[in-house]
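Participant: One structure follows; several queries about it will come next.
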Amino acid sequence: MTSEKRFVAGIGDIKALTLECNNCKARLTYSLSEKTGAIPFTCPGCNVEWRSPDYPYGATEPKVAPALKLISAVYLLRFRKDDPEQKPVGFSVLLEFDEPR
Ligand SMILES: [Zn+2]
């Protein structure tokens, strides 16, 4: 019998979100210890477009890229989890990872 170790983490366990430019690999890290500013429209390293200024990046906008929806959802779960205007769900999202090698 083999055993595998896995890590399970909740949204509250995420320390930071790091965006890595697909073009130049520059990274921009947002700490999740407090609410931070908006994602820039262009890469701070090479100025390639990171997101279109034409679209907002709310989690429910149909034309928004999935990566932006994920970031928006993490922020909503982290900072507005108890917002009475949002209909609650009966579960928490947990992320599971293989043990680092
Ligand atoms: Zn770049």
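Residue numbers start at 1 in each chain; chains themselves are named A, B, ... in the order of the structure tokens; ligands are numbered from 1 in the order shown.
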Could you list, as a list of chain:residue names, all residues that come within 6 Å of ligand 1? Count only C-alpha atoms and all ligand atoms.
Facilitator: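 For ligand 1, the residues inside 6 Å are A:Cys21, A:Asn23, A:Cys24, A:Lys25, A:Ala26, A:Cys43, A:Gly45, A:Cys46, A:Asn47, A:Val48.
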Participant: Pick out the residues sitting within 7 Å of region 77-88 of chain A, and hand them over as number ranges by chain; count only C-alpha atoms, and ignore anything fewer than 4 positions along from it in its own chain.
Facilitator: A: 11-12, 73
Participant: Determine the nearest neighbour of Ile39 (chain A) from the options A:Ala9, A:Asn22, A:Leu95, A:Leu68, counting only C-alpha atoms.
Facilitator: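 Closest candidate: A:Leu68.
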Participant: Please measure the separation of CA of Ile71 (chain A) and CA of Trp50 (chain A), giving the value in Å to one decimal.
Facilitator: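 Computed distance, CA of Ile71 (chain A) to CA of Trp50 (chain A), equals 13.4 Å.
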Participant: Considering only helix (DSSP H, G or I) as DSSP defines it on the backbone, what residues of chain A qualify? List them as a list of chain:residue names.
Facilitator: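 Matching residues, listed in order: A:Ile11, A:Gly12, A:Asp13, A:Pro66, A:Ala67, A:Leu68, A:Lys69, A:Leu70, A:Ile71, A:Ser72, A:Ala73, A:Val74, A:Tyr75, A:Leu76, A:Leu77, A:Arg78, A:Phe79.
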Participant: Find the distance between CA of Phe41 (chain A) and CA of Asp13 (chain A) and write it in Å to one decimal.
Facilitator: 27.2 Å
Participant: Between A:Ala67, A:Ser3, A:Leu32, A:Phe91, single out the one closest to Leu19 (chain A), counting only C-alpha atoms.
Facilitator: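 Smallest separation from Leu19 (chain A) among the options: A:Ala67.
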Participant: Using only C-alpha atoms, which of the listed residues (A:Asp98, A:Gly90, A:Ile14, A:Pro44) sits closest to Ser31 (chain A)?
Facilitator: A:Ile14
Participant: How far is it from CA of Arg6 (chain A) to CA of Glu96 (chain A), in Å with one decimal?
Facilitator: 6.6 Å
Participant: What's the 12 Å shell around Gly37 (chain A), counting only C-alpha atoms, without same-chain residues fewer than 5 positions away, as a PDB file with N, CA and C atoms, in the first residue's frame?
Facilitator:
```
ATOM      1  N   LEU A  28       4.371  40.389 -10.167  1.00  0.00           N
ATOM      2  CA  LEU A  28       3.769  41.399  -9.309  1.00  0.00           C
ATOM      3  C   LEU A  28       2.988  40.629  -8.248  1.00  0.00           C
ATOM      4  N   THR A  29       3.341  40.830  -6.994  1.00  0.00           N
ATOM      5  CA  THR A  29       2.719  40.072  -5.906  1.00  0.00           C
ATOM      6  C   THR A  29       1.811  40.967  -5.081  1.00  0.00           C
ATOM      7  N   TYR A  30       0.616  40.457  -4.849  1.00  0.00           N
ATOM      8  CA  TYR A  30      -0.353  41.157  -4.013  1.00  0.00           C
ATOM      9  C   TYR A  30      -0.511  40.378  -2.721  1.00  0.00           C
ATOM     10  N   SER A  31      -0.141  41.008  -1.616  1.00  0.00           N
ATOM     11  CA  SER A  31      -0.370  40.393  -0.311  1.00  0.00           C
ATOM     12  C   SER A  31      -1.867  40.350  -0.054  1.00  0.00           C
ATOM     13  N   LEU A  32      -2.335  39.284   0.527  1.00  0.00           N
ATOM     14  CA  LEU A  32      -3.755  39.200   0.861  1.00  0.00           C
ATOM     15  C   LEU A  32      -4.002  39.501   2.333  1.00  0.00           C
ATOM     16  N   SER A  72     -10.793  37.978  -8.729  1.00  0.00           N
ATOM     17  CA  SER A  72     -11.947  38.672  -8.178  1.00  0.00           C
ATOM     18  C   SER A  72     -12.652  37.800  -7.149  1.00  0.00           C
ATOM     19  N   TYR A  75     -10.726  37.621  -3.884  1.00  0.00           N
ATOM     20  CA  TYR A  75     -10.909  38.850  -3.104  1.00  0.00           C
ATOM     21  C   TYR A  75     -12.291  38.902  -2.460  1.00  0.00           C
TER      22      TYR A  75
END
```
Participant: Closest to Glu99 (chain A) among A:Leu76, A:Leu70, A:Met1, A:Val8, using only C-alpha atoms?
Facilitator: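 Comparing A:Leu76, A:Leu70, A:Met1, A:Val8 against Glu99 (chain A), the winner is A:Val8.
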